[in-house]
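Source file: query-v2.tsv; contents: TSV, N, CA and C atoms.
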chain	number	residue	atom	x	y	z
A	24	MET	N	-82.51	-47.75	-81.47
A	24	MET	CA	-83.01	-48.17	-82.77
A	24	MET	C	-82.36	-47.32	-83.85
A	25	GLU	N	-81.80	-47.97	-84.86
A	25	GLU	CA	-81.18	-47.25	-85.97
A	25	GLU	C	-82.25	-46.84	-86.97
A	26	THR	N	-82.05	-45.69	-87.57
A	26	THR	CA	-82.97	-45.24	-88.59
A	26	THR	C	-82.44	-45.59	-89.97
A	27	ALA	N	-83.35	-45.75	-90.91
A	27	ALA	CA	-82.94	-46.05	-92.28
A	27	ALA	C	-82.29	-44.80	-92.87
A	28	PRO	N	-81.16	-44.97	-93.52
A	28	PRO	CA	-80.48	-43.80	-94.09
A	28	PRO	C	-81.22	-43.26	-95.30
A	29	ASP	N	-81.10	-41.97	-95.49
A	29	ASP	CA	-81.55	-41.35	-96.73
A	29	ASP	C	-80.68	-41.94	-97.84
A	30	PRO	N	-81.29	-42.52	-98.88
A	30	PRO	CA	-80.49	-43.18	-99.93
A	30	PRO	C	-79.45	-42.26	-100.57
A	31	GLN	N	-79.77	-40.98	-100.72
A	31	GLN	CA	-78.83	-40.04	-101.33
A	31	GLN	C	-77.61	-39.85	-100.43
A	32	LEU	N	-77.83	-39.73	-99.14
A	32	LEU	CA	-76.72	-39.53	-98.21
A	32	LEU	C	-75.87	-40.80	-98.09
A	33	ALA	N	-76.53	-41.95	-98.04
A	33	ALA	CA	-75.80	-43.21	-97.99
A	33	ALA	C	-74.95	-43.40	-99.25
A	34	ALA	N	-75.48	-42.98	-100.39
A	34	ALA	CA	-74.72	-43.08	-101.65
A	34	ALA	C	-73.49	-42.18	-101.61
A	35	THR	N	-73.63	-41.00	-101.03
A	35	THR	CA	-72.48	-40.10	-100.92
A	35	THR	C	-71.40	-40.72	-100.03
A	36	VAL	N	-71.80	-41.29	-98.90
A	36	VAL	CA	-70.83	-41.94	-98.01
A	36	VAL	C	-70.13	-43.08	-98.75
A	37	GLN	N	-70.87	-43.88	-99.47
A	37	GLN	CA	-70.26	-44.98	-100.22
A	37	GLN	C	-69.31	-44.47	-101.29
A	38	SER	N	-69.68	-43.39	-101.98
A	38	SER	CA	-68.80	-42.78	-102.98
A	38	SER	C	-67.52	-42.26	-102.34
A	39	TYR	N	-67.65	-41.65	-101.18
A	39	TYR	CA	-66.51	-41.14	-100.41
A	39	TYR	C	-65.54	-42.29	-100.09
A	40	LEU	N	-66.07	-43.38	-99.55
A	40	LEU	CA	-65.22	-44.53	-99.19
A	40	LEU	C	-64.62	-45.21	-100.42
A	41	ARG	N	-65.42	-45.39	-101.47
A	41	ARG	CA	-64.91	-46.03	-102.70
A	41	ARG	C	-63.79	-45.21	-103.31
A	42	ALA	N	-63.93	-43.89	-103.30
A	42	ALA	CA	-62.90	-43.02	-103.88
A	42	ALA	C	-61.58	-43.15	-103.11
A	43	ILE	N	-61.67	-43.26	-101.79
A	43	ILE	CA	-60.45	-43.46	-100.99
A	43	ILE	C	-59.81	-44.80	-101.35
A	44	CYS	N	-60.61	-45.85	-101.42
A	44	CYS	CA	-60.07	-47.18	-101.75
A	44	CYS	C	-59.43	-47.21	-103.13
A	45	ALA	N	-60.00	-46.47	-104.06
A	45	ALA	CA	-59.47	-46.42	-105.43
A	45	ALA	C	-58.34	-45.40	-105.56
A	46	LYS	N	-58.07	-44.68	-104.48
A	46	LYS	CA	-57.10	-43.58	-104.50
A	46	LYS	C	-57.42	-42.61	-105.65
A	47	ASN	N	-58.73	-42.30	-105.76
A	47	ASN	CA	-59.22	-41.41	-106.81
A	47	ASN	C	-59.57	-40.06	-106.19
A	48	GLU	N	-58.59	-39.17	-106.21
A	48	GLU	CA	-58.75	-37.86	-105.57
A	48	GLU	C	-59.91	-37.07	-106.17
A	49	GLN	N	-60.05	-37.07	-107.47
A	49	GLN	CA	-61.12	-36.29	-108.11
A	49	GLN	C	-62.50	-36.79	-107.68
A	50	ALA	N	-62.69	-38.10	-107.64
A	50	ALA	CA	-63.98	-38.66	-107.21
A	50	ALA	C	-64.24	-38.33	-105.74
A	51	TRP	N	-63.19	-38.36	-104.93
A	51	TRP	CA	-63.33	-38.02	-103.51
A	51	TRP	C	-63.72	-36.56	-103.35
A	52	LEU	N	-63.04	-35.67	-104.05
A	52	LEU	CA	-63.36	-34.25	-103.97
A	52	LEU	C	-64.79	-33.97	-104.44
A	53	ALA	N	-65.27	-34.73	-105.39
A	53	ALA	CA	-66.63	-34.53	-105.92
A	53	ALA	C	-67.72	-34.84	-104.89
A	54	THR	N	-67.38	-35.54	-103.82
A	54	THR	CA	-68.39	-35.84	-102.78
A	54	THR	C	-68.63	-34.64	-101.87
A	55	PHE	N	-67.80	-33.62	-101.97
A	55	PHE	CA	-67.88	-32.46	-101.08
A	55	PHE	C	-68.52	-31.26	-101.75
A	56	ALA	N	-69.20	-30.43	-100.95
A	56	ALA	CA	-69.70	-29.13	-101.41
A	56	ALA	C	-68.49	-28.22	-101.64
A	57	ALA	N	-68.67	-27.23	-102.50
A	57	ALA	CA	-67.57	-26.31	-102.81
A	57	ALA	C	-67.06	-25.59	-101.57
A	58	ASP	N	-67.94	-25.28	-100.63
A	58	ASP	CA	-67.55	-24.54	-99.43
A	58	ASP	C	-67.45	-25.44	-98.19
A	59	VAL	N	-67.05	-26.67	-98.40
A	59	VAL	CA	-66.92	-27.66	-97.32
A	59	VAL	C	-65.96	-27.17	-96.24
A	60	VAL	N	-66.21	-27.61	-95.02
A	60	VAL	CA	-65.27	-27.44	-93.92
A	60	VAL	C	-65.01	-28.84	-93.37
A	61	SER	N	-63.73	-29.23	-93.36
A	61	SER	CA	-63.36	-30.57	-92.92
A	61	SER	C	-62.37	-30.48	-91.77
A	62	HIS	N	-62.68	-31.17	-90.70
A	62	HIS	CA	-61.79	-31.30	-89.54
A	62	HIS	C	-61.30	-32.74	-89.57
A	63	ASP	N	-60.16	-32.97	-90.20
A	63	ASP	CA	-59.67	-34.34	-90.39
A	63	ASP	C	-58.18	-34.39	-90.10
A	64	PRO	N	-57.86	-34.77	-88.87
A	64	PRO	CA	-58.70	-35.16	-87.76
A	64	PRO	C	-59.18	-33.94	-86.97
A	65	VAL	N	-60.18	-34.17	-86.12
A	65	VAL	CA	-60.64	-33.12	-85.23
A	65	VAL	C	-59.45	-32.68	-84.38
A	66	GLY	N	-59.29	-31.40	-84.24
A	66	GLY	CA	-58.16	-30.84	-83.49
A	66	GLY	C	-57.11	-30.24	-84.40
A	67	ALA	N	-57.05	-30.71	-85.64
A	67	ALA	CA	-56.14	-30.12	-86.63
A	67	ALA	C	-56.83	-28.88	-87.21
A	68	PRO	N	-56.06	-27.96	-87.77
A	68	PRO	CA	-56.71	-26.82	-88.41
A	68	PRO	C	-57.68	-27.31	-89.50
A	69	PRO	N	-58.86	-26.71	-89.57
A	69	PRO	CA	-59.83	-27.18	-90.56
A	69	PRO	C	-59.41	-26.84	-91.99
A	70	ALA	N	-59.77	-27.72	-92.91
A	70	ALA	CA	-59.60	-27.45	-94.34
A	70	ALA	C	-60.91	-26.81	-94.79
A	71	GLU	N	-60.82	-25.68	-95.44
A	71	GLU	CA	-62.01	-24.95	-95.88
A	71	GLU	C	-62.00	-24.84	-97.39
A	72	GLY	N	-63.02	-25.41	-98.01
A	72	GLY	CA	-63.12	-25.42	-99.47
A	72	GLY	C	-62.46	-26.65	-100.06
A	73	ARG	N	-62.95	-27.04	-101.23
A	73	ARG	CA	-62.43	-28.26	-101.87
A	73	ARG	C	-60.93	-28.21	-102.12
A	74	GLU	N	-60.42	-27.06	-102.54
A	74	GLU	CA	-59.00	-26.98	-102.88
A	74	GLU	C	-58.13	-27.29	-101.66
A	75	SER	N	-58.54	-26.83	-100.50
A	75	SER	CA	-57.74	-27.08	-99.30
A	75	SER	C	-57.81	-28.54	-98.85
A	76	LEU	N	-58.77	-29.29	-99.38
A	76	LEU	CA	-58.87	-30.71	-99.05
A	76	LEU	C	-57.73	-31.54	-99.65
A	77	ARG	N	-57.02	-30.97	-100.60
A	77	ARG	CA	-55.91	-31.72	-101.21
A	77	ARG	C	-54.85	-32.09	-100.17
A	78	GLU	N	-54.65	-31.23	-99.16
A	78	GLU	CA	-53.71	-31.56	-98.10
A	78	GLU	C	-54.22	-32.73	-97.26
A	79	VAL	N	-55.52	-32.74	-96.98
A	79	VAL	CA	-56.14	-33.84	-96.25
A	79	VAL	C	-55.94	-35.13	-97.05
A	80	TRP	N	-56.19	-35.06	-98.35
A	80	TRP	CA	-56.03	-36.22	-99.23
A	80	TRP	C	-54.60	-36.76	-99.15
A	81	ALA	N	-53.61	-35.87	-99.20
A	81	ALA	CA	-52.21	-36.30	-99.17
A	81	ALA	C	-51.87	-37.01	-97.87
A	82	VAL	N	-52.37	-36.52	-96.73
A	82	VAL	CA	-52.12	-37.16	-95.45
A	82	VAL	C	-52.80	-38.52	-95.39
A	83	LEU	N	-54.02	-38.58	-95.90
A	83	LEU	CA	-54.79	-39.81	-95.84
A	83	LEU	C	-54.25	-40.90	-96.76
A	84	THR	N	-53.87	-40.56	-97.97
A	84	THR	CA	-53.51	-41.58	-98.95
A	84	THR	C	-52.02	-41.66	-99.26
A	85	GLY	N	-51.28	-40.61	-99.01
A	85	GLY	CA	-49.86	-40.55	-99.39
A	85	GLY	C	-49.00	-41.70	-98.90
A	86	PRO	N	-49.18	-42.15	-97.65
A	86	PRO	CA	-48.29	-43.21	-97.14
A	86	PRO	C	-48.58	-44.60	-97.69
A	87	PHE	N	-49.61	-44.74	-98.54
A	87	PHE	CA	-50.09	-46.07	-98.89
A	87	PHE	C	-49.97	-46.43	-100.37
A	88	LYS	N	-49.59	-47.70	-100.61
A	88	LYS	CA	-49.72	-48.30	-101.93
A	88	LYS	C	-51.17	-48.68	-102.15
A	89	LYS	N	-51.77	-49.25	-101.10
A	89	LYS	CA	-53.17	-49.67	-101.13
A	89	LYS	C	-53.82	-49.25	-99.83
A	90	LEU	N	-55.09	-48.88	-99.92
A	90	LEU	CA	-55.85	-48.49	-98.75
A	90	LEU	C	-57.29	-48.90	-98.95
A	91	SER	N	-57.84	-49.60	-97.97
A	91	SER	CA	-59.26	-49.95	-98.04
A	91	SER	C	-59.94	-49.44	-96.78
A	92	MET	N	-61.14	-48.94	-96.97
A	92	MET	CA	-61.96	-48.47	-95.85
A	92	MET	C	-63.34	-49.06	-95.98
A	93	VAL	N	-63.86	-49.55	-94.88
A	93	VAL	CA	-65.21	-50.10	-94.88
A	93	VAL	C	-66.02	-49.46	-93.76
A	94	GLU	N	-67.29	-49.34	-94.02
A	94	GLU	CA	-68.23	-48.81	-93.05
A	94	GLU	C	-68.58	-49.94	-92.08
A	95	ARG	N	-68.29	-49.74	-90.81
A	95	ARG	CA	-68.60	-50.75	-89.79
A	95	ARG	C	-70.02	-50.56	-89.27
A	96	ARG	N	-70.35	-49.33	-88.98
A	96	ARG	CA	-71.66	-49.02	-88.43
A	96	ARG	C	-72.00	-47.59	-88.81
A	97	SER	N	-73.25	-47.33	-89.06
A	97	SER	CA	-73.64	-45.98	-89.45
A	97	SER	C	-74.92	-45.56	-88.74
A	98	PHE	N	-75.00	-44.27	-88.51
A	98	PHE	CA	-76.17	-43.67	-87.86
A	98	PHE	C	-76.53	-42.43	-88.67
A	99	TYR	N	-77.72	-42.42	-89.23
A	99	TYR	CA	-78.20	-41.31	-90.04
A	99	TYR	C	-79.35	-40.63	-89.32
A	100	CYS	N	-79.34	-39.31	-89.36
A	100	CYS	CA	-80.44	-38.56	-88.76
A	100	CYS	C	-80.54	-37.22	-89.49
A	101	GLY	N	-81.69	-36.95	-90.07
A	101	GLY	CA	-81.87	-35.69	-90.79
A	101	GLY	C	-80.84	-35.54	-91.89
A	102	SER	N	-80.10	-34.43	-91.85
A	102	SER	CA	-79.09	-34.16	-92.89
A	102	SER	C	-77.69	-34.55	-92.44
A	103	GLY	N	-77.61	-35.45	-91.46
A	103	GLY	CA	-76.30	-35.83	-90.96
A	103	GLY	C	-76.14	-37.32	-90.82
A	104	ALA	N	-74.90	-37.72	-90.60
A	104	ALA	CA	-74.57	-39.13	-90.40
A	104	ALA	C	-73.29	-39.23	-89.58
A	105	ALA	N	-73.21	-40.27	-88.79
A	105	ALA	CA	-71.99	-40.63	-88.08
A	105	ALA	C	-71.62	-42.03	-88.56
A	106	ILE	N	-70.41	-42.16	-89.07
A	106	ILE	CA	-69.96	-43.41	-89.66
A	106	ILE	C	-68.73	-43.93	-88.90
A	107	HIS	N	-68.86	-45.13	-88.36
A	107	HIS	CA	-67.69	-45.81	-87.78
A	107	HIS	C	-67.07	-46.61	-88.92
A	108	TRP	N	-65.83	-46.34	-89.23
A	108	TRP	CA	-65.16	-47.00	-90.34
A	108	TRP	C	-63.90	-47.70	-89.83
A	109	ALA	N	-63.47	-48.68	-90.61
A	109	ALA	CA	-62.22	-49.38	-90.35
A	109	ALA	C	-61.40	-49.36	-91.63
A	110	ALA	N	-60.10	-49.22	-91.47
A	110	ALA	CA	-59.22	-49.14	-92.63
A	110	ALA	C	-58.07	-50.13	-92.51
A	111	HIS	N	-57.64	-50.60	-93.66
A	111	HIS	CA	-56.45	-51.46	-93.76
A	111	HIS	C	-55.61	-50.87	-94.87
A	112	GLY	N	-54.33	-50.66	-94.58
A	112	GLY	CA	-53.45	-50.09	-95.58
A	112	GLY	C	-52.17	-50.88	-95.74
A	113	LEU	N	-51.65	-50.85	-96.95
A	113	LEU	CA	-50.32	-51.37	-97.24
A	113	LEU	C	-49.47	-50.17	-97.59
A	114	GLY	N	-48.50	-49.90	-96.72
A	114	GLY	CA	-47.68	-48.71	-96.88
A	114	GLY	C	-46.72	-48.80	-98.05
A	115	ILE	N	-46.20	-47.65	-98.43
A	115	ILE	CA	-45.19	-47.62	-99.49
A	115	ILE	C	-43.92	-48.33	-99.03
A	116	ASN	N	-43.83	-48.58	-97.70
A	116	ASN	CA	-42.72	-49.34	-97.14
A	116	ASN	C	-43.04	-50.83	-97.03
A	117	ASP	N	-44.17	-51.25	-97.62
A	117	ASP	CA	-44.65	-52.64	-97.64
A	117	ASP	C	-45.08	-53.16	-96.26
A	118	ARG	N	-45.27	-52.28	-95.30
A	118	ARG	CA	-45.83	-52.67	-94.01
A	118	ARG	C	-47.35	-52.49	-94.05
A	119	ALA	N	-48.04	-53.37	-93.34
A	119	ALA	CA	-49.50	-53.29	-93.25
A	119	ALA	C	-49.89	-52.61	-91.94
A	120	VAL	N	-51.02	-51.94	-91.97
A	120	VAL	CA	-51.53	-51.28	-90.78
A	120	VAL	C	-53.05	-51.30	-90.81
A	121	ASP	N	-53.64	-51.44	-89.64
A	121	ASP	CA	-55.09	-51.36	-89.48
A	121	ASP	C	-55.38	-50.22	-88.52
A	122	PHE	N	-56.40	-49.44	-88.83
A	122	PHE	CA	-56.80	-48.33	-87.97
A	122	PHE	C	-58.28	-48.05	-88.21
A	123	ASP	N	-58.88	-47.36	-87.28
A	123	ASP	CA	-60.29	-47.04	-87.45
A	123	ASP	C	-60.61	-45.69	-86.86
A	124	GLY	N	-61.83	-45.25	-87.10
A	124	GLY	CA	-62.26	-43.95	-86.61
A	124	GLY	C	-63.74	-43.75	-86.84
A	125	ILE	N	-64.17	-42.56	-86.54
A	125	ILE	CA	-65.56	-42.16	-86.74
A	125	ILE	C	-65.55	-40.83	-87.46
A	126	THR	N	-66.35	-40.71	-88.50
A	126	THR	CA	-66.51	-39.44	-89.19
A	126	THR	C	-67.97	-39.03	-89.09
A	127	VAL	N	-68.17	-37.79	-88.68
A	127	VAL	CA	-69.50	-37.21	-88.59
A	127	VAL	C	-69.65	-36.25	-89.77
A	128	PHE	N	-70.68	-36.49	-90.56
A	128	PHE	CA	-70.94	-35.69	-91.76
A	128	PHE	C	-72.22	-34.87	-91.60
A	129	GLU	N	-72.22	-33.69	-92.17
A	129	GLU	CA	-73.44	-32.92	-92.43
A	129	GLU	C	-73.46	-32.71	-93.94
A	130	PHE	N	-74.65	-32.84	-94.52
A	130	PHE	CA	-74.79	-32.81	-95.97
A	130	PHE	C	-75.61	-31.61	-96.43
A	131	THR	N	-75.36	-31.20	-97.66
A	131	THR	CA	-76.16	-30.15	-98.30
A	131	THR	C	-77.47	-30.77	-98.79
A	132	ASP	N	-78.38	-29.93	-99.24
A	132	ASP	CA	-79.66	-30.42	-99.76
A	132	ASP	C	-79.49	-31.34	-100.96
A	133	ASP	N	-78.39	-31.16	-101.73
A	133	ASP	CA	-78.18	-32.03	-102.90
A	133	ASP	C	-77.30	-33.24	-102.57
A	134	GLY	N	-77.05	-33.48	-101.26
A	134	GLY	CA	-76.37	-34.70	-100.85
A	134	GLY	C	-74.86	-34.65	-100.83
A	135	ARG	N	-74.26	-33.49	-100.98
A	135	ARG	CA	-72.80	-33.38	-100.89
A	135	ARG	C	-72.41	-33.13	-99.43
A	136	ILE	N	-71.17	-33.44	-99.12
A	136	ILE	CA	-70.67	-33.26	-97.77
A	136	ILE	C	-70.38	-31.78	-97.53
A	137	GLN	N	-71.08	-31.19	-96.55
A	137	GLN	CA	-70.89	-29.79	-96.18
A	137	GLN	C	-69.84	-29.66	-95.08
A	138	THR	N	-69.93	-30.55	-94.11
A	138	THR	CA	-69.00	-30.55	-92.98
A	138	THR	C	-68.61	-32.00	-92.68
A	139	ALA	N	-67.34	-32.20	-92.41
A	139	ALA	CA	-66.86	-33.52	-91.99
A	139	ALA	C	-65.98	-33.33	-90.77
A	140	MET	N	-66.24	-34.13	-89.76
A	140	MET	CA	-65.43	-34.13	-88.54
A	140	MET	C	-64.98	-35.56	-88.29
A	141	SER	N	-63.68	-35.81	-88.49
A	141	SER	CA	-63.16	-37.17	-88.37
A	141	SER	C	-62.37	-37.33	-87.08
A	142	TYR	N	-62.74	-38.38	-86.36
A	142	TYR	CA	-62.10	-38.70	-85.08
A	142	TYR	C	-61.25	-39.94	-85.30
A	143	TRP	N	-59.94	-39.74	-85.41
A	143	TRP	CA	-58.99	-40.82	-85.55
A	143	TRP	C	-57.61	-40.26	-85.23
A	144	ASP	N	-56.62	-41.12	-85.15
A	144	ASP	CA	-55.29	-40.70	-84.74
A	144	ASP	C	-54.26	-41.01	-85.83
A	145	PRO	N	-54.06	-40.05	-86.76
A	145	PRO	CA	-53.10	-40.31	-87.83
A	145	PRO	C	-51.67	-40.49	-87.33
A	146	ALA	N	-51.30	-39.86	-86.23
A	146	ALA	CA	-49.94	-40.03	-85.70
A	146	ALA	C	-49.71	-41.47	-85.25
A	147	ALA	N	-50.68	-42.04	-84.53
A	147	ALA	CA	-50.55	-43.44	-84.10
A	147	ALA	C	-50.52	-44.37	-85.30
A	148	MET	N	-51.32	-44.07	-86.32
A	148	MET	CA	-51.32	-44.89	-87.54
A	148	MET	C	-49.94	-44.86	-88.20
A	149	MET	N	-49.33	-43.67	-88.28
A	149	MET	CA	-48.01	-43.56	-88.91
A	149	MET	C	-46.93	-44.28	-88.09
A	150	ILE	N	-47.05	-44.24	-86.77
A	150	ILE	CA	-46.10	-44.98	-85.92
A	150	ILE	C	-46.25	-46.47	-86.16
A	151	ASP	N	-47.49	-46.95	-86.22
A	151	ASP	CA	-47.73	-48.38	-86.50
A	151	ASP	C	-47.22	-48.74	-87.89
A	152	LEU	N	-47.47	-47.88	-88.85
A	152	LEU	CA	-47.04	-48.13	-90.23
A	152	LEU	C	-45.51	-48.21	-90.33
A	153	ALA	N	-44.84	-47.41	-89.51
A	153	ALA	CA	-43.37	-47.43	-89.49
A	153	ALA	C	-42.82	-48.63	-88.74
A	154	GLY	N	-43.72	-49.40	-88.08
A	154	GLY	CA	-43.27	-50.58	-87.35
A	154	GLY	C	-42.78	-50.26	-85.95
A	155	GLU	N	-43.09	-49.07	-85.47
A	155	GLU	CA	-42.62	-48.65	-84.16
A	155	GLU	C	-43.69	-48.72	-83.08
A	156	GLY	N	-44.92	-49.03	-83.48
A	156	GLY	CA	-46.01	-49.06	-82.51
A	156	GLY	C	-46.26	-50.45	-81.99
A	157	ASN	N	-47.25	-50.53	-81.15
A	157	ASN	CA	-47.63	-51.81	-80.55
A	157	ASN	C	-48.66	-52.54	-81.40
A	158	GLY	N	-49.13	-51.90	-82.49
A	158	GLY	CA	-50.21	-52.49	-83.27
A	158	GLY	C	-51.47	-52.45	-82.44
A	159	ARG	N	-52.56	-52.06	-83.05
A	159	ARG	CA	-53.80	-51.98	-82.27
A	159	ARG	C	-54.78	-52.96	-82.78

Would you mind writing the file out in structure tokens?
Amino acid sequence: METAPDPQLAATVQSYLRAICAKNEQAWLATFAADVVSHDPVGAPPAEGRESLREVWAVLTGPFKKLSMVERRSFYCGSGAAIHWAAHGLGINDRAVDFDGITVFEFTDDGRIQTAMSYWDPAAMMIDLAGEGNGR
């Protein structure tokens, strides 16, 4: 049984996704706490603090003319959420790519993202975007 999300946390997730779709770095950064720790993707060195998130932003949005992300399914519990998302991008090379992942968030008391752990494969996405993959 899914639980109803805390409206403040759900609003933060929606702001996070909208900022990515709009390629609005400032709005995206505003969804995070000042001392955020982001593992995007999990296994990469973590970005610590908002300023270090600029590298994450460049990896996520740099290859794209357009990028859309939608929430497929969400699970909220206490001060956390796990979001299954799907993305569609149009690369700067005019190739299209679809990819998806799961991001697990922990939030501060004021609803900002304190910790983000994203499970996805940016290398496979870049191979697909370059036209060298099998497409998923």

Handout entry: Spatial neighbours of region 143-155 of chain A, 7 Å, all atoms listed in the file, chain gap at least 6 places, as a PyMOL selection string
Key = chain A and resi 64-65+114+118-125

Practice task
Select, from A:Ser102, A:Asn116, A:Ser61, A:Ser141, the residue with the minimum atom-to-atom distance to Pro86 (chain A), counting all atoms listed in the file.
Solution key: A:Asn116

Handout entry: All residues 6 Å or closer to Val93 (chain A), only N, CA and C atoms, same chain fewer than 6 positions away omitted, as JSON, numbers by chain
Key = {"A": [107, 108, 109, 110]}

Problem - Residue neighbourhood Phe55 (chain A), 7 Å, only C-alpha atoms, exclusion window fewer than 6 positions, as a list in words - result: Arg73, Arg135, Ile136 and Gln137 of chain A

Kindly compute an axis-aligned box around the listed atoms of region 39-42 of chain A, allowing 5 Å on each side, and express its centre and edge lengths in Å to one decimal as AutoDock Vina command-line options.
--center_x -64.6 --center_y -43.6 --center_z -101.5 --size_x 16.1 --size_y 14.9 --size_z 14.7

Exercise for the section: For atom N of Val59 (chain A) and atom N of Arg77 (chain A), quote the distance in Å rounded to one decimal. Expected result: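 Separating atom N of Val59 (chain A) from atom N of Arg77 (chain A) is a distance of 11.1 Å.
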
Exercise for the section: Could you check how far CA of Val127 (chain A) sits from atom N of Lys89 (chain A), in Å to one decimal? Expected result: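 For CA of Val127 (chain A) relative to atom N of Lys89 (chain A), the distance reads 24.8 Å.
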
List every residue of region 33-79 of chain A that DSSP, applied to the backbone of this structure, places in helix (DSSP H, G or I), and write the result as a PDB file with N, CA and C atoms, keeping the file's coordinate frame.
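states-v1.pdb was written with the following content:
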ATOM      1  N   ALA A  33     -76.530 -41.950 -98.040  1.00  0.00           N
ATOM      2  CA  ALA A  33     -75.800 -43.210 -97.990  1.00  0.00           C
ATOM      3  C   ALA A  33     -74.950 -43.400 -99.250  1.00  0.00           C
ATOM      4  N   ALA A  34     -75.480 -42.980-100.390  1.00  0.00           N
ATOM      5  CA  ALA A  34     -74.720 -43.080-101.650  1.00  0.00           C
ATOM      6  C   ALA A  34     -73.490 -42.180-101.610  1.00  0.00           C
ATOM      7  N   THR A  35     -73.630 -41.000-101.030  1.00  0.00           N
ATOM      8  CA  THR A  35     -72.480 -40.100-100.920  1.00  0.00           C
ATOM      9  C   THR A  35     -71.400 -40.720-100.030  1.00  0.00           C
ATOM     10  N   VAL A  36     -71.800 -41.290 -98.900  1.00  0.00           N
ATOM     11  CA  VAL A  36     -70.830 -41.940 -98.010  1.00  0.00           C
ATOM     12  C   VAL A  36     -70.130 -43.080 -98.750  1.00  0.00           C
ATOM     13  N   GLN A  37     -70.870 -43.880 -99.470  1.00  0.00           N
ATOM     14  CA  GLN A  37     -70.260 -44.980-100.220  1.00  0.00           C
ATOM     15  C   GLN A  37     -69.310 -44.470-101.290  1.00  0.00           C
ATOM     16  N   SER A  38     -69.680 -43.390-101.980  1.00  0.00           N
ATOM     17  CA  SER A  38     -68.800 -42.780-102.980  1.00  0.00           C
ATOM     18  C   SER A  38     -67.520 -42.260-102.340  1.00  0.00           C
ATOM     19  N   TYR A  39     -67.650 -41.650-101.180  1.00  0.00           N
ATOM     20  CA  TYR A  39     -66.510 -41.140-100.410  1.00  0.00           C
ATOM     21  C   TYR A  39     -65.540 -42.290-100.090  1.00  0.00           C
ATOM     22  N   LEU A  40     -66.070 -43.380 -99.550  1.00  0.00           N
ATOM     23  CA  LEU A  40     -65.220 -44.530 -99.190  1.00  0.00           C
ATOM     24  C   LEU A  40     -64.620 -45.210-100.420  1.00  0.00           C
ATOM     25  N   ARG A  41     -65.420 -45.390-101.470  1.00  0.00           N
ATOM     26  CA  ARG A  41     -64.910 -46.030-102.700  1.00  0.00           C
ATOM     27  C   ARG A  41     -63.790 -45.210-103.310  1.00  0.00           C
ATOM     28  N   ALA A  42     -63.930 -43.890-103.300  1.00  0.00           N
ATOM     29  CA  ALA A  42     -62.900 -43.020-103.880  1.00  0.00           C
ATOM     30  C   ALA A  42     -61.580 -43.150-103.110  1.00  0.00           C
ATOM     31  N   ILE A  43     -61.670 -43.260-101.790  1.00  0.00           N
ATOM     32  CA  ILE A  43     -60.450 -43.460-100.990  1.00  0.00           C
ATOM     33  C   ILE A  43     -59.810 -44.800-101.350  1.00  0.00           C
ATOM     34  N   CYS A  44     -60.610 -45.850-101.420  1.00  0.00           N
ATOM     35  CA  CYS A  44     -60.070 -47.180-101.750  1.00  0.00           C
ATOM     36  C   CYS A  44     -59.430 -47.210-103.130  1.00  0.00           C
ATOM     37  N   GLU A  48     -58.590 -39.170-106.210  1.00  0.00           N
ATOM     38  CA  GLU A  48     -58.750 -37.860-105.570  1.00  0.00           C
ATOM     39  C   GLU A  48     -59.910 -37.070-106.170  1.00  0.00           C
ATOM     40  N   GLN A  49     -60.050 -37.070-107.470  1.00  0.00           N
ATOM     41  CA  GLN A  49     -61.120 -36.290-108.110  1.00  0.00           C
ATOM     42  C   GLN A  49     -62.500 -36.790-107.680  1.00  0.00           C
ATOM     43  N   ALA A  50     -62.690 -38.100-107.640  1.00  0.00           N
ATOM     44  CA  ALA A  50     -63.980 -38.660-107.210  1.00  0.00           C
ATOM     45  C   ALA A  50     -64.240 -38.330-105.740  1.00  0.00           C
ATOM     46  N   TRP A  51     -63.190 -38.360-104.930  1.00  0.00           N
ATOM     47  CA  TRP A  51     -63.330 -38.020-103.510  1.00  0.00           C
ATOM     48  C   TRP A  51     -63.720 -36.560-103.350  1.00  0.00           C
ATOM     49  N   LEU A  52     -63.040 -35.670-104.050  1.00  0.00           N
ATOM     50  CA  LEU A  52     -63.360 -34.250-103.970  1.00  0.00           C
ATOM     51  C   LEU A  52     -64.790 -33.970-104.440  1.00  0.00           C
ATOM     52  N   LEU A  76     -58.770 -29.290 -99.380  1.00  0.00           N
ATOM     53  CA  LEU A  76     -58.870 -30.710 -99.050  1.00  0.00           C
ATOM     54  C   LEU A  76     -57.730 -31.540 -99.650  1.00  0.00           C
ATOM     55  N   ARG A  77     -57.020 -30.970-100.600  1.00  0.00           N
ATOM     56  CA  ARG A  77     -55.910 -31.720-101.210  1.00  0.00           C
ATOM     57  C   ARG A  77     -54.850 -32.090-100.170  1.00  0.00           C
ATOM     58  N   GLU A  78     -54.650 -31.230 -99.160  1.00  0.00           N
ATOM     59  CA  GLU A  78     -53.710 -31.560 -98.100  1.00  0.00           C
ATOM     60  C   GLU A  78     -54.220 -32.730 -97.260  1.00  0.00           C
ATOM     61  N   VAL A  79     -55.520 -32.740 -96.980  1.00  0.00           N
ATOM     62  CA  VAL A  79     -56.140 -33.840 -96.250  1.00  0.00           C
ATOM     63  C   VAL A  79     -55.940 -35.130 -97.050  1.00  0.00           C
TER      64      VAL A  79
END

Problem - Protein/DNA/RNA residues near (-56.0, -50.3, -95.5), cut 6 Å, only C-alpha atoms, as JSON, numbers by chain - result: {"A": [90, 91, 110, 111, 112]}

Fill in the blank from the handout: Restricting to only N, CA and C atoms, whichever of A:Cys100, A:Glu48, A:Pro68, A:Ala56 is closest to Trp80 (chain A) is A:Glu48
